[in-house]
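Undergrad: Here you go, one structure.
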Amino acid sequence: MKRLVSSVLVVAAIALSACGGKPPTQAPAAGGAPVELTFMMWGAPEELAVWNEIVKDFQAQKPNITVKVEVSDWEAYWEKLKTMLAASTPPDLFAMDAPLYLDYQSRGVLKNLQPYLDKYPNMLNGIYPQTLEAYKLADGYYGLPRDFQTIVLFYNKGMFDAAKVAYPTADWTYQDLREAARKLILDTNGDGKIEQYGFYSDLWDMELVWSEAIWAYGGDILSADHSKTLIGDSKARQAWQLFHDMMFQDKSMPDTTTAAQFGGDPFQAGAAAMTTIGHWAVPGYNAVNFKWDVAPMPKGPAGAATSVNSAGFVVAQGSKHPDEAFEFIRFVLSPAGQTRLTELGFAIPVLTSVAESDTFLKQPGPGIHQQVFLDSLAFAHMKPVFKGYDEWSAAVGDGMAVIWTGETDLNTTLNEVVVAADEVLAKNK
Amino acid sequence: MELGLKPLGRERLVLGLMLLPTLIGLVFGVLGSVLATVGLSFTRWDLLTPPKWTGFTHYVALFTDDKFIRALTNTFKFSALYVPGVVIISLLVAVLMNRKIRGLSLFRTMYFLPAVTSAVAAALVWNLIFARDFGIINAILERLGGQAVCWLCADHILTAVLIVNVWGAIGEGMVIFLAGLTAIPREYYEAATVDGANETEKFLHITIPLITPSIFFQTIISTINAFQAYDYVYMMTRRGQGDSSFPVVVFSIYRNAWNFFNYGGASAQAVELAVLVMILMAFYFWLERRFVVYE
């Protein structure tokens, strides 16, 4: 009995260590041997169908490669991914949010794609350079963007018409935004409670509105070496003050508690006349029963500014089929792949030729000015990419949250948040 | 326990066999992760690169970690109210459900329903009920001439979270107490009636003493659940990307591990939570020897 137990343990130990060891390096399947790739991404369930279409198109070219696409929601995706990486059984390919890229790359789990890119020197021609910047490191690219987001101003045309306020233009400043928002407030039944707000945007994550405003006011988010948090500097403070005034003085912007009652998106719920968000919101807004359109982000004292961020893909360092994985990336970045991706409607293709084609500009929907998303690139700042991003953004977002519920004072809290955020940066050096 | 019957010979074998599936699950499923958690709590580990030994660093840091202290304080405040809440209310519900009334099984089902409902879905509905401007509770309050309360804001969130968690736990507590109540011999009540005791006296002098084993058991279960409370709490207090306006310890463990690449620190928090629960359990068992009556 004892011998049986110990031999079972030995076998189990061998099996376990075999799992944990380095994957055997295989010769690339030269056109013939069938290969199955796993591609994991976050997204809505309907995205799976489109990705399977992309895979089908890809297989028409490379019949020996099968791609198994797995889509999970945002939180589940990162949990699953980390667990699989820790167990040394990562998917061959997986989706990456640019700001989180360095948290993974610095831990050595991503494959350097430069040797592959060297084989196809023209591959990145025609891709928006602003979207490539996030992934470019001294020794090459460890990931590539597949689509991107610029943030623009969305407005409810009906509410503007009813309040006789002129639609937002490219010349709007944040003061214009504030004034228009004030005029758009409505208390329809006169009970002293506001039914229609002028403006709403999420103030937790920097991407939705506050990084854009800080840049437009001439401030910045982080120092160039990512060692100091600058959101408490005087120019940045003007941007914070603006939202604080809109929320607590003008009451043209609902606080977070109020906004939560509208499912977190008062614009979509028809309770706010304007919002700032990216193209990912478009499919959802296409389903609303009011007319809306988009305009560029307002200007500040330092000019126009918006944020650009991309979703990309990376190849796992432990992938057994990096060559085939790269072939799939190459296909998704080809005009055929990018066109399919654009039809999904959630994002903007990184390939200029597809973004500037009718596939993107004349996509189905209420006929909004899609061009605004592309023009915004001219004054877009890259959403910062640095190690420790997840924890830093939580230190800022969680820390500031008590201001937007009206629990604490703006300046004191902001000072504390900057200290906490700098501690995170120091820890992740 | 000493007063109970002791299993003998064959019975012991049968008992052992019946416990086997649970024991196998514990040893191969839980024990490994418990040991791993203890081990990892002494390291710095980001899941992706090999762990680095750091000794007691994480434990020492917990004493000055404001966020952890806040989470721990919230967990204690919550538990101190949740445990008596669940024990008392589910006992009262069980007593009510232990009579011959019309539609008894319907009522029992209704009280048990929260236990089999998805916590996430239930919490979302509760959020609507508690909503400040459109919620039904505030509508009733205002109709009665009261002031609307922001239930999900900082001042009242503990109350709101308690209500929902207690509501969710009554069903299971009721089942435990019903089992205990049906085991009380009817003769005791008949004898008390003959002696002229009223309902309250019967409850205080017969029911309560004889049901102490169930109270003890339910207190232990509720305490463990209180310290592990997460799903309702998170769904009712989440904001931003993964933040909670009422962080509890389990939330803090989750956030440190999965959002901050800090599995070592998260493990240390988990171990500390386990140690605190164990200390409480030791105290409970000390109380058990003094107050719990086994017939």
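Identifiers for the structure tokens are assigned positionally: chains receive A, B, ... in sequence, residues are indexed from 1 per chain, and ligands are indexed from 1 in the order shown.
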Please provide the set of residues having any atom within 12 Å of Gly143 (chain A), restricted to only C-alpha atoms, with same-chain residues fewer than 6 positions apart removed, written as a PyMOL selection string.
TA: chain A and resi 93-98+100-102+104-105+109-114+116-117+131-137+310-317+325-326+329-330
Undergrad: Residues of chain B within 10 Å of chain A, counting only C-alpha atoms, what are they? List them as a VMD selection string.
TA: chain B and resid 46 to 50 127 to 128 130 to 135 150 152 to 155 239 to 245 255 to 262
Undergrad: Quick one: residues within 9 Å of His226 (chain A), only C-alpha atoms, excluding same-chain residues fewer than 3 positions away - as a list of chain:residue names?
TA: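 Close residues of His226 (chain A): A:Leu222, A:Ser223, A:Thr229, A:Phe386, A:Lys387, A:Leu425, A:Lys429.
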Undergrad: Have a look at CA of Thr182 (chain B) and CA of Ser105 (chain B) and let me know their distance in Å, one decimal.
TA: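 Result for CA of Thr182 (chain B) versus CA of Ser105 (chain B): 15.2 Å, one decimal.
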Undergrad: Please provide the set of residues having any atom within 10 Å of Ala336 (chain A), restricted to only C-alpha atoms, with same-chain residues fewer than 4 positions apart removed, written as number ranges by chain.
TA: A: 54, 57-58, 331-332, 340-341, 354
Undergrad: Which residues of region 236-261 of chain B have any atom within 8 Å of an atom in region 221-231 of chain B when counting only C-alpha atoms, and what is the closest pair of atoms for each, with the distance in Å to one decimal? Order the rows by chain and rising number and write it as a tab-separated table.
TA:
residue	atom	partner	partner_atom	distance
B:Val248	CA	B:Tyr230	CA	7.3
B:Val249	CA	B:Phe227	CA	7.6
B:Val250	CA	B:Gln228	CA	6.1
B:Phe251	CA	B:Tyr230	CA	6.4
Undergrad: Please provide as a ChimeraX atom specification all residues within 6 Å of region 155-157 of chain A, with the sequence filter that same-chain residues fewer than 6 positions apart are discarded (counting only C-alpha atoms).
TA: /A:273-274,291-293
Undergrad: Now that the selection is made, can you save its residues with N, CA and C atoms as a PDB file, in the first residue's frame?
TA:
ATOM      1  N   ALA A 273     -27.817  65.509 -21.126  1.00  0.00           N
ATOM      2  CA  ALA A 273     -27.812  65.967 -22.514  1.00  0.00           C
ATOM      3  C   ALA A 273     -26.480  65.726 -23.207  1.00  0.00           C
ATOM      4  N   MET A 274     -25.404  65.599 -22.429  1.00  0.00           N
ATOM      5  CA  MET A 274     -24.086  65.396 -23.040  1.00  0.00           C
ATOM      6  C   MET A 274     -23.288  64.396 -22.224  1.00  0.00           C
ATOM      7  N   LYS A 291     -32.311  61.269 -30.890  1.00  0.00           N
ATOM      8  CA  LYS A 291     -31.279  61.583 -31.886  1.00  0.00           C
ATOM      9  C   LYS A 291     -30.057  62.160 -31.184  1.00  0.00           C
ATOM     10  N   TRP A 292     -28.887  61.714 -31.615  1.00  0.00           N
ATOM     11  CA  TRP A 292     -27.655  62.196 -30.993  1.00  0.00           C
ATOM     12  C   TRP A 292     -26.573  62.297 -32.046  1.00  0.00           C
ATOM     13  N   ASP A 293     -25.542  63.034 -31.714  1.00  0.00           N
ATOM     14  CA  ASP A 293     -24.403  63.140 -32.619  1.00  0.00           C
ATOM     15  C   ASP A 293     -23.149  63.383 -31.781  1.00  0.00           C
TER      16      ASP A 293
END
Undergrad: One decimal, Å: what's the distance from CA of Lys77 (chain B) over to CA of Leu162 (chain B), could you say?
TA: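 Between CA of Lys77 (chain B) and CA of Leu162 (chain B) the gap works out to 10.1 Å.
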Undergrad: With DSSP run on the backbone, what are the strand (DSSP E) residues within region 75-313 of chain A? I'd like them as a PyMOL selection string.
TA: chain A and resi 93-97+136-137+140-141+144-150+152-156+197-200+272-277+292-295+299-300+303-304+306-313
Undergrad: Can you write just those residues out, C-alpha atoms, as an mmCIF file, in the first residue's frame?
TA:
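Resulting contents of out03.cif:
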data_model
loop_
_atom_site.group_PDB
_atom_site.id
_atom_site.type_symbol
_atom_site.label_atom_id
_atom_site.label_comp_id
_atom_site.auth_asym_id
_atom_site.auth_seq_id
_atom_site.Cartn_x
_atom_site.Cartn_y
_atom_site.Cartn_z
ATOM 1 C CA LEU A 93 -2.630 35.018 -28.174
ATOM 2 C CA PHE A 94 -4.498 37.342 -25.891
ATOM 3 C CA ALA A 95 -5.961 40.808 -25.858
ATOM 4 C CA MET A 96 -4.172 43.645 -24.085
ATOM 5 C CA ASP A 97 -5.362 47.017 -22.875
ATOM 6 C CA LYS A 136 7.036 50.318 -28.787
ATOM 7 C CA LEU A 137 9.961 49.578 -26.465
ATOM 8 C CA GLY A 140 10.954 46.190 -30.211
ATOM 9 C CA TYR A 141 7.221 45.546 -30.026
ATOM 10 C CA LEU A 144 0.438 45.390 -31.497
ATOM 11 C CA PRO A 145 -2.752 47.440 -31.493
ATOM 12 C CA ARG A 146 -5.801 46.018 -33.241
ATOM 13 C CA ASP A 147 -8.230 48.927 -32.803
ATOM 14 C CA PHE A 148 -8.344 52.175 -30.894
ATOM 15 C CA GLN A 149 -10.543 54.711 -29.160
ATOM 16 C CA THR A 150 -10.512 58.479 -29.118
ATOM 17 C CA VAL A 152 -15.354 62.712 -28.139
ATOM 18 C CA LEU A 153 -18.335 64.693 -26.918
ATOM 19 C CA PHE A 154 -21.730 63.011 -27.438
ATOM 20 C CA TYR A 155 -24.852 65.158 -27.303
ATOM 21 C CA ASN A 156 -28.575 64.560 -27.315
ATOM 22 C CA TYR A 197 -28.836 66.996 -16.342
ATOM 23 C CA GLY A 198 -26.666 68.927 -18.774
ATOM 24 C CA PHE A 199 -23.625 66.723 -18.680
ATOM 25 C CA TYR A 200 -22.387 63.468 -17.274
ATOM 26 C CA ALA A 272 -28.153 63.851 -19.385
ATOM 27 C CA ALA A 273 -27.812 65.967 -22.514
ATOM 28 C CA MET A 274 -24.086 65.396 -23.040
ATOM 29 C CA THR A 275 -21.383 62.909 -22.204
ATOM 30 C CA THR A 276 -17.813 62.156 -23.192
ATOM 31 C CA ILE A 277 -16.975 58.590 -24.097
ATOM 32 C CA TRP A 292 -27.655 62.196 -30.993
ATOM 33 C CA ASP A 293 -24.403 63.140 -32.619
ATOM 34 C CA VAL A 294 -20.767 63.697 -31.736
ATOM 35 C CA ALA A 295 -18.443 66.728 -31.604
ATOM 36 C CA LYS A 299 -10.802 73.216 -25.836
ATOM 37 C CA GLY A 300 -9.065 74.535 -22.761
ATOM 38 C CA GLY A 303 -5.920 74.209 -26.733
ATOM 39 C CA ALA A 304 -7.714 71.063 -27.795
ATOM 40 C CA THR A 306 -8.339 64.245 -26.120
ATOM 41 C CA SER A 307 -7.157 60.786 -25.181
ATOM 42 C CA VAL A 308 -6.235 57.914 -27.464
ATOM 43 C CA ASN A 309 -6.046 54.367 -26.217
ATOM 44 C CA SER A 310 -5.883 51.074 -28.021
ATOM 45 C CA ALA A 311 -6.791 47.481 -27.508
ATOM 46 C CA GLY A 312 -4.096 45.239 -28.826
ATOM 47 C CA PHE A 313 -2.920 41.699 -28.846
#
Undergrad: Tell me which protein, DNA and RNA residues are within 9 Å of Ala426 (chain A), counting only C-alpha atoms, leaving out same-chain ones fewer than 5 positions away, and put them as an NGL selection string.
TA: :A and (227-228 or 421)
Undergrad: Just to be explicit: take each residue in the selection above, keep N, CA and C atoms, and write the result as a PDB file, in the first residue's frame.
TA:
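New file selection_4.pdb:
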ATOM      1  N   SER A 227       7.527  59.002 -12.402  1.00  0.00           N
ATOM      2  CA  SER A 227       7.840  58.925 -10.977  1.00  0.00           C
ATOM      3  C   SER A 227       6.988  59.895 -10.156  1.00  0.00           C
ATOM      4  N   LYS A 228       6.358  60.860 -10.822  1.00  0.00           N
ATOM      5  CA  LYS A 228       5.551  61.826 -10.075  1.00  0.00           C
ATOM      6  C   LYS A 228       4.156  61.938 -10.659  1.00  0.00           C
ATOM      7  N   ALA A 421      -0.796  58.114  -4.667  1.00  0.00           N
ATOM      8  CA  ALA A 421      -0.475  57.686  -6.031  1.00  0.00           C
ATOM      9  C   ALA A 421       1.034  57.655  -6.236  1.00  0.00           C
TER      10      ALA A 421
END
Undergrad: Excluding same-chain residues fewer than 2 positions from Trp215 (chain A), what lies within 12 Å of it counting only C-alpha atoms, as a PyMOL selection string?
TA: chain A and resi 174+206-207+209-213+217-222+230-231+233+235-240+297-307+379-383
Undergrad: Compare B:Val60, B:Ile163, B:Leu106, B:Ile140 by their minimum atom-to-atom distance to Gly85 (chain B), counting only C-alpha atoms, and give me the closest one.
TA: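 That would be B:Ile163, the residue with the smallest distance to Gly85 (chain B).
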Undergrad: Using only C-alpha atoms, pick whichever of B:Leu17, B:Leu72, B:Ile253, B:Val125 has the shortest atom-to-atom distance to Ser267 (chain B).
TA: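 Among the listed residues, the smallest separation from Ser267 (chain B) belongs to B:Ile253.
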Undergrad: Based on the backbone DSSP call, show me all residues of region 9-195 of chain A assigned alpha helix (DSSP H), as an MDAnalysis selection string.
TA: chainID A and resid 9:20 45:61 74:86 101:105 114:119 129:132 157:162 174:183
Undergrad: Expressed in Å to a single decimal, how great is the separation between CA of Leu81 (chain B) and CA of Phe246 (chain B)?
TA: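 CA of Phe246 (chain B) lies 15.3 Å from CA of Leu81 (chain B).
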